[in-house]
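Text of structure33.cif (mmCIF, C-alpha atoms and all ligand atoms) as supplied:
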data_model
#
loop_
_atom_site.label_atom_id
_atom_site.label_comp_id
_atom_site.auth_asym_id
_atom_site.auth_seq_id
_atom_site.Cartn_x
_atom_site.Cartn_y
_atom_site.Cartn_z
CA MET A 1 7.67 72.73 -19.68
CA ARG A 2 4.14 71.76 -18.63
CA PHE A 3 3.12 68.47 -17.06
CA ASP A 4 -0.45 69.46 -16.15
CA ALA A 5 -0.51 67.29 -13.02
CA ARG A 6 0.52 64.17 -14.96
CA ARG A 7 1.92 61.35 -12.81
CA ILE A 8 5.52 60.27 -13.14
CA LEU A 9 7.10 57.30 -11.42
CA LEU A 10 10.84 57.91 -11.03
CA ILE A 11 12.97 54.81 -10.58
CA ILE A 12 16.37 55.71 -9.17
CA GLY A 13 19.10 53.19 -10.02
CA GLY A 14 22.38 52.68 -8.22
CA GLY A 15 25.01 54.99 -9.62
CA ILE A 16 26.78 58.14 -8.57
CA ALA A 17 24.44 60.15 -10.86
CA ALA A 18 21.63 59.25 -8.42
CA TYR A 19 22.30 62.49 -6.54
CA LYS A 20 21.08 64.38 -9.61
CA SER A 21 17.82 62.44 -9.50
CA LEU A 22 16.83 64.36 -6.39
CA ASP A 23 17.12 67.54 -8.44
CA LEU A 24 15.15 65.81 -11.23
CA ILE A 25 12.24 65.31 -8.81
CA ARG A 26 12.20 69.09 -8.29
CA ARG A 27 12.44 69.89 -12.02
CA LEU A 28 9.51 67.58 -12.78
CA GLN A 29 7.50 69.11 -9.96
CA ASP A 30 8.37 72.63 -11.17
CA GLY A 31 6.51 71.74 -14.37
CA GLY A 32 3.50 70.52 -12.39
CA ALA A 33 4.14 66.75 -12.38
CA ARG A 34 3.18 64.52 -9.45
CA VAL A 35 6.21 62.36 -8.73
CA ARG A 36 6.51 59.02 -6.96
CA SER A 37 9.84 57.30 -6.45
CA ILE A 38 11.31 53.83 -6.28
CA LEU A 39 14.90 53.27 -5.14
CA THR A 40 16.73 50.08 -6.11
CA PRO A 41 18.81 48.45 -3.35
CA ALA A 42 21.97 49.79 -5.07
CA ALA A 43 20.52 53.33 -5.25
CA ARG A 44 20.30 53.36 -1.46
CA HIS A 45 24.09 53.44 -1.31
CA PHE A 46 23.97 56.85 -3.00
CA VAL A 47 20.73 58.56 -1.88
CA THR A 48 18.30 57.76 0.90
CA PRO A 49 14.60 56.86 0.63
CA LEU A 50 14.05 59.58 3.21
CA ALA A 51 15.42 62.31 0.92
CA ALA A 52 13.52 61.08 -2.16
CA GLY A 53 10.35 60.61 -0.11
CA ALA A 54 10.60 64.07 1.45
CA LEU A 55 10.92 65.68 -1.98
CA CYS A 56 8.07 63.63 -3.45
CA GLY A 57 5.80 64.23 -0.47
CA GLU A 58 5.14 60.49 -0.35
CA ARG A 59 7.31 57.65 0.93
CA ALA A 60 9.83 56.24 -1.53
CA TYR A 61 9.21 52.59 -2.42
CA THR A 62 12.11 50.20 -2.09
CA ASP A 63 11.17 46.59 -1.54
CA LEU A 64 9.15 44.08 -3.55
CA PHE A 65 8.44 41.96 -0.50
CA ASP A 66 7.68 44.80 1.92
CA ALA A 67 4.25 44.02 3.37
CA GLN A 68 3.60 47.71 4.09
CA SER A 69 4.22 48.81 0.46
CA GLU A 70 2.21 45.93 -0.94
CA PHE A 71 -0.59 46.82 1.43
CA ASP A 72 -0.39 50.57 0.52
CA VAL A 73 -0.23 50.36 -3.26
CA GLY A 74 1.40 47.14 -4.42
CA HIS A 75 3.82 46.83 -7.30
CA ILE A 76 1.12 46.39 -9.93
CA ARG A 77 -0.54 49.65 -8.96
CA LEU A 78 2.82 51.41 -8.87
CA ALA A 79 3.29 50.19 -12.44
CA ARG A 80 -0.14 51.26 -13.64
CA ASP A 81 -1.09 54.35 -11.60
CA THR A 82 1.26 56.60 -13.52
CA ASP A 83 1.43 58.26 -16.93
CA LEU A 84 5.13 57.71 -17.46
CA ILE A 85 8.02 55.85 -15.85
CA VAL A 86 11.43 57.56 -15.84
CA VAL A 87 14.51 55.54 -14.90
CA ALA A 88 17.38 57.83 -13.86
CA PRO A 89 20.10 56.82 -13.57
CA ALA A 90 19.48 53.73 -15.68
CA THR A 91 22.46 51.53 -14.87
CA ALA A 92 23.88 48.79 -17.10
CA ASP A 93 22.45 46.29 -14.63
CA LEU A 94 18.92 47.74 -14.74
CA MET A 95 19.02 47.81 -18.54
CA ALA A 96 20.12 44.16 -18.60
CA ARG A 97 17.31 43.20 -16.23
CA MET A 98 14.76 44.99 -18.37
CA ALA A 99 16.06 43.52 -21.61
CA GLY A 100 15.96 40.05 -20.05
CA GLY A 101 12.51 40.50 -18.52
CA LEU A 102 13.68 39.86 -14.94
CA ALA A 103 11.36 40.76 -12.09
CA ASP A 104 13.02 39.78 -8.83
CA ASP A 105 13.16 43.25 -7.29
CA LEU A 106 10.65 46.07 -7.07
CA ALA A 107 12.06 48.25 -9.89
CA SER A 108 12.35 45.37 -12.39
CA ALA A 109 8.93 43.98 -11.46
CA VAL A 110 7.30 47.38 -11.98
CA LEU A 111 9.10 47.89 -15.30
CA LEU A 112 7.92 44.48 -16.49
CA ALA A 113 4.34 44.98 -15.26
CA THR A 114 3.75 48.44 -16.70
CA ASP A 115 1.77 49.33 -19.79
CA LYS A 116 2.95 52.95 -19.69
CA PRO A 117 5.78 54.60 -21.66
CA ILE A 118 9.25 54.20 -20.18
CA LEU A 119 12.06 56.76 -20.48
CA LEU A 120 15.60 55.70 -19.57
CA ALA A 121 18.43 58.11 -18.74
CA PRO A 122 21.45 55.79 -18.89
CA ALA A 123 24.50 56.56 -16.75
CA MET A 124 27.55 54.38 -16.50
CA ASN A 125 31.26 54.15 -17.16
CA PRO A 126 32.01 54.62 -20.90
CA HIS A 127 33.44 51.10 -21.15
CA MET A 128 30.29 49.64 -19.63
CA TRP A 129 28.17 51.67 -22.07
CA ALA A 130 30.26 50.54 -25.05
CA ALA A 131 30.28 46.89 -23.93
CA LYS A 132 28.69 44.54 -26.43
CA ALA A 133 26.20 43.28 -23.85
CA THR A 134 25.00 46.81 -23.02
CA GLN A 135 24.69 47.73 -26.69
CA ARG A 136 22.74 44.51 -27.29
CA ASN A 137 20.42 45.40 -24.41
CA LEU A 138 20.05 48.96 -25.72
CA ALA A 139 19.03 47.69 -29.16
CA GLN A 140 16.58 45.23 -27.59
CA LEU A 141 15.02 47.89 -25.35
CA ALA A 142 14.72 50.37 -28.24
CA ALA A 143 13.03 47.63 -30.29
CA ASP A 144 10.69 47.01 -27.35
CA GLY A 145 9.61 50.67 -27.54
CA VAL A 146 11.60 52.01 -24.58
CA HIS A 147 12.68 55.67 -24.93
CA PHE A 148 16.09 57.11 -24.17
CA VAL A 149 17.55 60.46 -23.21
CA GLY A 150 21.34 60.59 -23.27
CA PRO A 151 23.83 59.46 -22.22
CA ALA A 152 26.05 62.48 -22.80
CA ARG A 153 29.77 62.67 -23.33
CA GLY A 154 31.94 64.16 -20.58
CA ALA A 155 33.88 63.60 -17.39
CA MET A 156 32.96 60.68 -15.14
CA ALA A 157 32.92 60.72 -11.36
CA GLU A 158 35.99 58.44 -11.40
CA ARG A 159 39.09 60.61 -11.66
CA GLY A 160 40.58 60.74 -15.12
CA GLU A 161 37.73 58.85 -16.80
CA SER A 162 35.71 60.53 -19.50
CA GLY A 163 33.63 59.55 -22.51
CA LEU A 164 30.10 58.61 -23.43
CA GLY A 165 28.16 57.60 -20.33
CA ARG A 166 27.26 60.70 -18.30
CA MET A 167 23.63 60.95 -17.35
CA ALA A 168 21.70 63.67 -19.20
CA GLU A 169 21.13 66.77 -17.05
CA PRO A 170 17.89 66.87 -15.00
CA LEU A 171 16.43 69.67 -17.15
CA GLU A 172 17.06 67.65 -20.31
CA ILE A 173 15.47 64.56 -18.79
CA ALA A 174 12.47 66.65 -17.70
CA ALA A 175 12.17 68.09 -21.25
CA ALA A 176 12.27 64.58 -22.76
CA ALA A 177 9.64 63.42 -20.26
CA ALA A 178 7.40 66.38 -21.11
CA ALA A 179 7.78 65.72 -24.84
CA LEU A 180 7.00 62.04 -24.37
CA LEU A 181 3.86 62.80 -22.41
CA ARG A 182 2.74 65.27 -25.08
CA VAL A 183 3.47 63.18 -28.13
CA GLY A 184 3.27 59.65 -26.69
CA ARG A 185 3.63 57.10 -29.48
CA ALA A 186 1.98 59.36 -32.03
CA LEU A 187 4.26 58.17 -34.84
CA SER A 188 4.04 54.49 -34.08
CA GLY A 189 3.75 52.49 -37.31
CA LYS A 190 5.08 55.43 -39.36
CA ARG A 191 8.35 55.42 -41.27
CA VAL A 192 10.28 58.68 -41.11
CA LEU A 193 13.36 59.53 -43.14
CA VAL A 194 15.71 62.26 -41.90
CA THR A 195 18.82 63.72 -43.54
CA SER A 196 21.42 65.42 -41.36
CA GLY A 197 24.91 66.91 -41.33
CA PRO A 198 27.00 68.39 -44.12
CA THR A 199 28.16 66.62 -47.24
CA HIS A 200 31.81 66.37 -48.23
CA GLU A 201 32.56 66.84 -51.91
CA PRO A 202 36.00 65.54 -52.85
CA ILE A 203 38.52 67.74 -54.66
CA ASP A 204 41.21 65.07 -54.57
CA PRO A 205 41.92 62.15 -52.20
CA VAL A 206 42.86 64.49 -49.32
CA ARG A 207 40.77 67.64 -49.86
CA PHE A 208 37.08 68.31 -49.95
CA ILE A 209 34.44 71.07 -50.01
CA ALA A 210 32.30 71.14 -46.86
CA ASN A 211 30.30 73.49 -44.63
CA ARG A 212 29.85 74.23 -40.93
CA SER A 213 26.78 72.06 -40.27
CA SER A 214 27.22 69.99 -37.09
CA GLY A 215 24.22 67.71 -37.69
CA LYS A 216 22.91 68.45 -34.19
CA GLN A 217 19.47 69.59 -35.35
CA GLY A 218 18.95 66.71 -37.79
CA HIS A 219 20.13 64.12 -35.27
CA ALA A 220 17.83 65.61 -32.61
CA ILE A 221 14.91 65.32 -35.05
CA ALA A 222 15.73 61.67 -35.75
CA ALA A 223 15.89 60.99 -31.99
CA ALA A 224 12.58 62.77 -31.37
CA ALA A 225 10.87 60.86 -34.19
CA ALA A 226 12.16 57.56 -32.74
CA ALA A 227 10.97 58.64 -29.29
CA ALA A 228 7.50 59.17 -30.79
CA GLY A 229 7.53 55.55 -31.96
CA ALA A 230 8.50 56.03 -35.63
CA ASP A 231 10.67 53.66 -37.59
CA VAL A 232 13.47 56.12 -38.37
CA VAL A 233 16.15 56.03 -41.07
CA LEU A 234 18.73 58.75 -40.50
CA ILE A 235 20.92 59.47 -43.52
CA SER A 236 23.85 61.46 -42.29
CA GLY A 237 26.84 63.17 -43.80
CA PRO A 238 30.13 63.18 -41.84
CA VAL A 239 29.42 64.39 -38.27
CA ASP A 240 31.04 64.07 -34.88
CA LEU A 241 27.88 62.83 -33.16
CA ASP A 242 26.71 59.53 -31.74
CA ASP A 243 23.96 57.62 -33.52
CA PRO A 244 20.62 58.44 -31.88
CA PRO A 245 19.32 55.33 -30.08
CA GLY A 246 16.56 53.42 -31.81
CA THR A 247 17.30 54.72 -35.33
CA THR A 248 18.85 53.10 -38.38
CA VAL A 249 21.78 55.27 -39.45
CA VAL A 250 23.15 55.30 -43.00
CA LYS A 251 26.45 57.18 -43.26
CA VAL A 252 27.30 58.95 -46.51
CA GLU A 253 29.90 61.46 -47.74
CA THR A 254 28.66 63.23 -50.84
CA ALA A 255 25.35 64.71 -52.04
CA GLN A 256 25.12 62.06 -54.74
CA ASP A 257 25.58 59.30 -52.13
CA MET A 258 22.97 60.98 -49.94
CA LEU A 259 20.42 61.07 -52.77
CA ALA A 260 21.04 57.40 -53.55
CA ALA A 261 20.67 56.46 -49.86
CA VAL A 262 17.46 58.52 -49.57
CA GLU A 263 15.97 56.82 -52.61
CA ARG A 264 16.90 53.40 -51.23
CA ALA A 265 15.23 54.28 -47.91
CA LEU A 266 11.91 55.20 -49.55
CA PRO A 267 8.97 54.67 -49.23
CA ALA A 268 8.37 56.67 -46.07
CA ASP A 269 5.40 58.42 -44.52
CA ALA A 270 7.41 61.56 -43.87
CA ALA A 271 10.80 62.94 -44.90
CA ILE A 272 12.65 65.71 -43.12
CA PHE A 273 15.63 67.21 -44.93
CA ALA A 274 17.82 68.83 -42.32
CA ALA A 275 21.15 68.14 -44.05
CA ALA A 276 23.24 71.04 -45.30
CA VAL A 277 23.89 69.54 -48.70
CA ALA A 278 26.71 71.13 -50.70
CA ASP A 279 25.23 72.94 -53.67
CA TRP A 280 28.19 72.17 -55.90
CA ARG A 281 30.74 69.46 -56.37
CA VAL A 282 34.01 69.46 -58.26
CA GLU A 283 33.29 68.33 -61.80
CA HIS A 284 36.32 66.07 -62.10
CA SER A 285 37.78 65.27 -58.71
CA SER A 286 41.37 64.18 -59.05
CA GLY A 287 42.38 60.60 -58.32
CA SER A 288 45.74 61.79 -57.00
CA LYS A 289 46.70 64.72 -54.78
CA ILE A 290 46.75 67.97 -56.76
CA LYS A 291 50.26 69.46 -56.62
CA LYS A 292 50.98 73.07 -55.76
CA ARG A 293 52.31 74.72 -58.90
CA GLN A 294 54.38 77.88 -58.84
CA GLY A 295 52.19 80.99 -59.06
CA ARG A 296 49.16 79.26 -60.50
CA PRO A 297 46.51 77.79 -58.19
CA ALA A 298 44.54 74.91 -59.66
CA ALA A 299 41.16 76.08 -61.03
CA LEU A 300 38.25 73.97 -59.88
CA ALA A 301 35.31 73.57 -62.24
CA LEU A 302 32.13 73.08 -60.21
CA VAL A 303 28.87 71.44 -61.20
CA GLU A 304 25.59 71.59 -59.37
CA ASN A 305 24.60 68.76 -57.05
CA PRO A 306 21.17 67.15 -57.27
CA ASP A 307 18.61 68.82 -55.00
CA ILE A 308 17.60 65.89 -52.82
CA LEU A 309 14.65 67.61 -51.19
CA ALA A 310 13.17 68.83 -54.49
CA THR A 311 13.76 65.44 -56.13
CA VAL A 312 11.79 63.66 -53.40
CA ALA A 313 9.09 66.34 -53.01
CA ARG A 314 8.39 66.28 -56.75
CA ARG A 315 8.15 62.51 -57.12
CA LYS A 316 5.06 61.49 -59.04
CA SER A 317 4.75 58.20 -57.20
CA GLY A 318 6.02 57.21 -53.81
CA ARG A 319 6.22 60.78 -52.49
CA PRO A 320 6.19 60.78 -48.69
CA GLN A 321 2.92 62.19 -47.37
CA VAL A 322 4.74 65.01 -45.60
CA VAL A 323 8.01 66.53 -46.86
CA ILE A 324 9.78 69.08 -44.67
CA GLY A 325 12.80 71.14 -45.70
CA PHE A 326 15.07 73.59 -43.93
CA ALA A 327 16.13 77.04 -45.04
CA ALA A 328 19.27 78.38 -43.46
CA GLU A 329 19.51 82.01 -44.50
CA THR A 330 21.54 85.06 -43.60
CA GLU A 331 19.16 87.65 -45.07
CA ASP A 332 15.43 88.09 -45.83
CA LEU A 333 14.79 84.87 -43.92
CA ILE A 334 11.01 84.60 -44.33
CA GLY A 335 10.94 85.82 -47.95
CA ASN A 336 13.63 83.37 -49.03
CA ALA A 337 12.07 80.53 -47.07
CA LYS A 338 8.62 81.08 -48.61
CA ALA A 339 10.17 81.09 -52.06
CA LYS A 340 11.96 77.85 -51.21
CA LEU A 341 8.70 76.21 -50.07
CA VAL A 342 7.22 76.82 -53.51
CA ALA A 343 10.37 76.19 -55.55
CA LYS A 344 11.09 72.85 -53.91
CA GLY A 345 7.49 71.66 -53.62
CA CYS A 346 7.64 70.69 -49.94
CA ASP A 347 4.87 70.96 -47.34
CA PHE A 348 6.78 72.85 -44.66
CA ILE A 349 10.00 74.79 -44.39
CA VAL A 350 11.80 75.29 -41.10
CA ALA A 351 13.56 78.62 -41.52
CA ASN A 352 16.47 79.75 -39.40
CA ASP A 353 18.80 82.69 -39.45
CA VAL A 354 22.35 81.37 -39.56
CA SER A 355 24.24 84.68 -39.58
CA ALA A 356 27.45 84.18 -37.60
CA ALA A 357 26.12 86.37 -34.75
CA THR A 358 23.28 83.92 -34.00
CA GLY A 359 25.68 81.08 -33.10
CA ILE A 360 23.15 78.59 -34.50
CA MET A 361 25.59 76.74 -36.76
CA GLY A 362 27.25 74.25 -34.41
CA GLY A 363 25.47 75.64 -31.34
CA ASP A 364 22.88 73.96 -29.13
CA SER A 365 19.94 76.31 -29.57
CA ASN A 366 17.87 77.48 -32.47
CA THR A 367 15.29 80.16 -33.29
CA VAL A 368 13.08 78.98 -36.12
CA HIS A 369 9.95 79.81 -38.08
CA LEU A 370 7.73 77.04 -39.38
CA ILE A 371 6.37 77.99 -42.78
CA GLY A 372 3.57 76.06 -44.45
CA ALA A 373 0.58 76.65 -46.69
CA ALA A 374 -1.27 78.11 -43.68
CA GLY A 375 1.34 80.78 -42.99
CA VAL A 376 4.30 81.50 -40.73
CA GLU A 377 4.62 80.34 -37.13
CA SER A 378 7.51 81.89 -35.21
CA TRP A 379 8.84 79.80 -32.34
CA PRO A 380 10.74 81.28 -29.39
CA PRO A 381 14.46 80.50 -28.95
CA LEU A 382 14.61 76.82 -28.01
CA SER A 383 17.19 74.10 -27.59
CA LYS A 384 17.69 72.01 -30.73
CA ASP A 385 16.12 69.08 -28.83
CA GLU A 386 13.03 71.13 -28.07
CA VAL A 387 12.78 72.32 -31.71
CA ALA A 388 12.96 68.66 -32.72
CA HIS A 389 10.21 67.60 -30.32
CA ARG A 390 7.92 70.43 -31.44
CA LEU A 391 8.50 69.64 -35.08
CA ILE A 392 7.70 65.97 -34.51
CA GLU A 393 4.56 66.98 -32.64
CA ARG A 394 3.48 69.09 -35.62
CA LEU A 395 4.32 66.28 -38.01
CA ALA A 396 2.23 63.82 -35.96
CA THR A 397 -0.77 66.18 -36.01
CA HIS A 398 -0.38 66.75 -39.72
CA LEU A 399 -0.17 63.03 -40.50
CA LYS A 400 -3.21 62.37 -38.32
CA ASP A 401 -5.27 65.18 -39.90
CA ALA A 402 -4.38 63.94 -43.36
CA THR A 403 -5.63 60.39 -42.74
O1 LIG B 1 18.51 75.48 -51.37
P1 LIG B 1 18.92 75.29 -49.95
O2 LIG B 1 20.20 74.53 -49.82
O3 LIG B 1 18.90 76.50 -49.09
O4 LIG B 1 17.72 74.38 -49.39
C1 LIG B 1 17.75 73.90 -48.13
C2 LIG B 1 16.89 72.66 -48.03
O5 LIG B 1 17.03 71.83 -49.17
C3 LIG B 1 17.28 71.81 -46.86
O6 LIG B 1 16.14 71.14 -46.39
C4 LIG B 1 18.29 70.84 -47.47
O7 LIG B 1 18.37 69.64 -46.72
C5 LIG B 1 17.69 70.60 -48.84
N1 LIG B 1 18.67 70.36 -49.89
C6 LIG B 1 18.77 69.11 -50.49
N2 LIG B 1 19.66 68.90 -51.50
C7 LIG B 1 20.43 69.90 -51.96
C8 LIG B 1 20.35 71.17 -51.40
C9 LIG B 1 19.47 71.37 -50.36
O8 LIG B 1 18.07 68.19 -50.02
N3 LIG B 1 21.27 69.67 -52.95
#

If you convert what's in this file into structure tokens, what do you get?
Amino acid sequence: MRFDARRILLIIGGGIAAYKSLDLIRRLQDGGARVRSILTPAARHFVTPLAAGALCGERAYTDLFDAQSEFDVGHIRLARDTDLIVVAPATADLMARMAGGLADDLASAVLLATDKPILLAPAMNPHMWAAKATQRNLAQLAADGVHFVGPARGAMAERGESGLGRMAEPLEIAAAAAALLRVGRALSGKRVLVTSGPTHEPIDPVRFIANRSSGKQGHAIAAAAAAAGADVVLISGPVDLDDPPGTTVVKVETAQDMLAAVERALPADAAIFAAAVADWRVEHSSGSKIKKRQGRPAALALVENPDILATVARRKSGRPQVVIGFAAETEDLIGNAKAKLVAKGCDFIVANDVSAATGIMGGDSNTVHLIGAAGVESWPPLSKDEVAHRLIERLATHLKDAT
């Protein structure tokens, strides 16, 4: 993670996760960032300006009407003399203030006055996160171009409470900040289509054919594309994941549904096919539950599913400018992936080894090779989020070079 002396203004909101924000200052500095901090009045119940200031090497700012701060830098300079603003923890209250354009305290005034990218790391009780008002504010902020990392699912500080609302870990927030500084709004004005997850092919009303895809990589790509400013349509098979903020999610079950949804979502500037589409479906799925018959299992006749990637990549008109496919292989990874690049007519293939020993299927990290006309690029083992950010960076460069 490299920040190359970029400036980050960290706004610490008032929540128990604020203690992790002190660690976040360190993580950002480890990457070379210069960090300034603002504490909201509520944040001061959890961490002190002295601690944040000592870590930053510069006093923490706290008060809009503090003559000393206004004399030193002033809220407008705090808002402008930075490359990125990170809000962690971003409380429900801070999000509401931002969505409503309020400016009656230092943090809100700076957030309203800035012309720099803003990254929010929400943290709150799961009920507060799920509340209609918070979800309305989230949608508004995403539409306003604000970026998000998290929240994650897990235990809350309150005993016995758990769910979606934990702040992302400091390292994750730092990685999202680094990616944002690298890519900025490079995909702004671009429409990106992403497929993700497995497909379910019905055998009868209660049974289906599926695979082990978790959708984590595809969802991370959709989130990274949205973070880079793209208008993202995520077409997802059945997954146990939350919708990435700032994307339009279309939920489908079968490969045929996925193809139809993809075609409806076109035109797009780029399409990334990360879904693990079932190759076959049952020719005649039964309308009623197939009964177990003595000694003779039901034979299933299979027919091939449409190849969504190849269908889109080979379109004569309305083909997205860049089409990216995935190749999950268990043997001769590069050879098979190169063959797939040609056979399917896409511009890039992201190849990964999914042998059981790699733990990639369902896991959080990935080791991939990016294969294009120019050759093979092997990336080091990375988190799926980091793979997503790198891929989006490459996509942005490719789209820019092509125009
Ligand atoms: O042929 P294979 O399934 O290995 O190809 C993988 C790539 O093709 C992935 O990008 C996947 O999303 C896409 N694919 C598709 N429709 C299919 C099969 C695969 O879009 N029916």

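Each of A:Arg166, A:Arg7, A:Lys340, A:Lys292 was checked against ligand LIG 1 (chain B) using all atoms listed in the file; the smallest atom-to-atom distance is that of A:Lys340.
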
Using all atoms listed in the file, which protein or nucleic acid residues come within 10 Å of Val239 in chain A? Drop anything in the same chain fewer than 2 positions from it, and give the result as number ranges by chain.
A: 196-199, 213-216, 219, 236-237, 241-243, 251, 253

Keeping C-alpha atoms for every residue in the selection just given, could you write it to a file as a PDB file, in the coordinates of the input?
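Below you can see part_8.pdb, which holds the result:
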ATOM      1  CA  SER A 196      21.420  65.420 -41.360  1.00  0.00           C
ATOM      2  CA  GLY A 197      24.910  66.910 -41.330  1.00  0.00           C
ATOM      3  CA  PRO A 198      27.000  68.390 -44.120  1.00  0.00           C
ATOM      4  CA  THR A 199      28.160  66.620 -47.240  1.00  0.00           C
ATOM      5  CA  SER A 213      26.780  72.060 -40.270  1.00  0.00           C
ATOM      6  CA  SER A 214      27.220  69.990 -37.090  1.00  0.00           C
ATOM      7  CA  GLY A 215      24.220  67.710 -37.690  1.00  0.00           C
ATOM      8  CA  LYS A 216      22.910  68.450 -34.190  1.00  0.00           C
ATOM      9  CA  HIS A 219      20.130  64.120 -35.270  1.00  0.00           C
ATOM     10  CA  SER A 236      23.850  61.460 -42.290  1.00  0.00           C
ATOM     11  CA  GLY A 237      26.840  63.170 -43.800  1.00  0.00           C
ATOM     12  CA  LEU A 241      27.880  62.830 -33.160  1.00  0.00           C
ATOM     13  CA  ASP A 242      26.710  59.530 -31.740  1.00  0.00           C
ATOM     14  CA  ASP A 243      23.960  57.620 -33.520  1.00  0.00           C
ATOM     15  CA  LYS A 251      26.450  57.180 -43.260  1.00  0.00           C
ATOM     16  CA  GLU A 253      29.900  61.460 -47.740  1.00  0.00           C
TER      17      GLU A 253
END

CA of Ala230 in chain A to CA of Gln217 in chain A measures 17.4 Å

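Proximity of A:Thr397, A:Asn336, A:Asn125, A:Asn366 to ligand LIG 1 (chain B), computed with only C-alpha atoms and all ligand atoms, is greatest for A:Asn336.
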
Distance filter 10 Å around ligand LIG 1 (chain B), atoms: all atoms listed in the file, out as number ranges by chain:
A: 194-199, 218, 255-256, 258-259, 262, 271-280, 304-313, 323-329, 336-337, 340-341, 343-344, 346, 348-351

Taking all atoms of range 153-159 of chain A that the file lists, what box with edges along x, y and z, padded by 5 Å per side, do you get, with centre and edge lengths in Å to one decimal, as lines of an AutoDock Vina configuration file?
center_x = 34.4
center_y = 61.3
center_z = -17.3
size_x = 19.3
size_y = 15.7
size_z = 22.0

If we draw a sphere of 8 Å around (15.7, 63.6, -14.8), which residues have at least one atom in it when counting only C-alpha atoms? Please report them as number ranges by chain.
A: 20-21, 23-25, 27-28, 86, 88, 121, 168-174

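Candidate residues A:Ala157, A:Ala175, A:Val192, A:Asp204 were compared for distance to Ile235 in chain A, and the nearest is A:Val192, using all atoms listed in the file.
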
Might you pull out every residue within 10 Å of Ser285 in chain A, with all atoms listed in the file counted and same-chain residues fewer than 2 positions away left off, and present them as an MDAnalysis selection string?
chainID A and resid 201:205 207:208 281:283 287:290 300:302

One decimal, Å: what's the distance from CA of Leu112 in chain A over to CA of Asp144 in chain A, could you say?
11.5 Å

Distance criterion (all atoms listed in the file): nearest to Ala123 in chain A out of A:Ala143, A:Val110, A:Arg26, A:Gly15:
A:Gly15

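Considering the residues A:Asp353, A:Asp66, A:Asp104, A:Asp93 and counting only C-alpha atoms, Pro122 in chain A has its shortest atom-to-atom contact with A:Asp93.
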
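The interatomic distance for the pair CA of Gly184 in chain A and CA of Glu393 in chain A works out to 9.5 Å.
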
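Among the candidate residues A:Ala103, A:Val368, A:Met167, A:Leu84, the one lying nearest to Ala179 in chain A is A:Leu84, with distances computed using all atoms listed in the file.
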
Near Asp105 in chain A, within 8 Å and counting only C-alpha atoms, which residues show up once chain neighbours fewer than 4 positions away are dropped, as a PyMOL selection string?
chain A and resi 40+63-64+109

Test item: which residues lie within 12 Å of (2.2, 63.2, -1.2) counting only C-alpha atoms, as a short mmCIF file (atom, residue, chain, number, x, y, z; two decimals) with C-alpha atoms, in the frame of the given file:
data_model
loop_
_atom_site.label_atom_id
_atom_site.label_comp_id
_atom_site.auth_asym_id
_atom_site.auth_seq_id
_atom_site.Cartn_x
_atom_site.Cartn_y
_atom_site.Cartn_z
CA ARG A 7 1.92 61.35 -12.81
CA GLN A 29 7.50 69.11 -9.96
CA ALA A 33 4.14 66.75 -12.38
CA ARG A 34 3.18 64.52 -9.45
CA VAL A 35 6.21 62.36 -8.73
CA ARG A 36 6.51 59.02 -6.96
CA SER A 37 9.84 57.30 -6.45
CA ALA A 52 13.52 61.08 -2.16
CA GLY A 53 10.35 60.61 -0.11
CA ALA A 54 10.60 64.07 1.45
CA LEU A 55 10.92 65.68 -1.98
CA CYS A 56 8.07 63.63 -3.45
CA GLY A 57 5.80 64.23 -0.47
CA GLU A 58 5.14 60.49 -0.35
CA ARG A 59 7.31 57.65 0.93
CA ALA A 60 9.83 56.24 -1.53
#

Within 10 Å of His127 in chain A, counting all atoms listed in the file, which residues show up once you throw out same-chain ones fewer than 6 positions away? Write them as a list in words, please.
Thr134, Glu161, Ser162, Gly163, Leu164 and Gly165 of chain A

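Once Ala225 in chain A and its same-chain neighbours fewer than 5 positions away are set aside, Val183, Arg185, Ala186, Leu187, Ser188, Lys190, Arg191, Val192, Leu193, Val194, His219, Ala220, Ala230, Asp231, Val232, Val233, Gly246, Thr247, Ala388, His389, Leu391, Ile392, Glu393, Leu395 and Ala396 of chain A remain within 10 Å of it when counting only C-alpha atoms.
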
Would you kindly place N, CA and C atoms on range 33-38 of chain A and return the model as a compact mmCIF listing (two decimals), keeping the file's coordinate frame?
# COMPACT_ATOMS: atom_id res chain seq x y z
N ALA A 33 4.34 68.21 -12.43
CA ALA A 33 4.14 66.75 -12.38
C ALA A 33 3.98 66.29 -10.93
N ARG A 34 3.25 65.18 -10.76
CA ARG A 34 3.18 64.52 -9.45
C ARG A 34 4.15 63.34 -9.52
N VAL A 35 5.12 63.33 -8.62
CA VAL A 35 6.21 62.36 -8.73
C VAL A 35 6.20 61.36 -7.58
N ARG A 36 6.30 60.09 -7.92
CA ARG A 36 6.51 59.02 -6.96
C ARG A 36 7.88 58.44 -7.22
N SER A 37 8.50 57.83 -6.20
CA SER A 37 9.84 57.30 -6.45
C SER A 37 10.01 55.87 -5.96
N ILE A 38 10.86 55.16 -6.69
CA ILE A 38 11.31 53.83 -6.28
C ILE A 38 12.83 53.89 -6.24
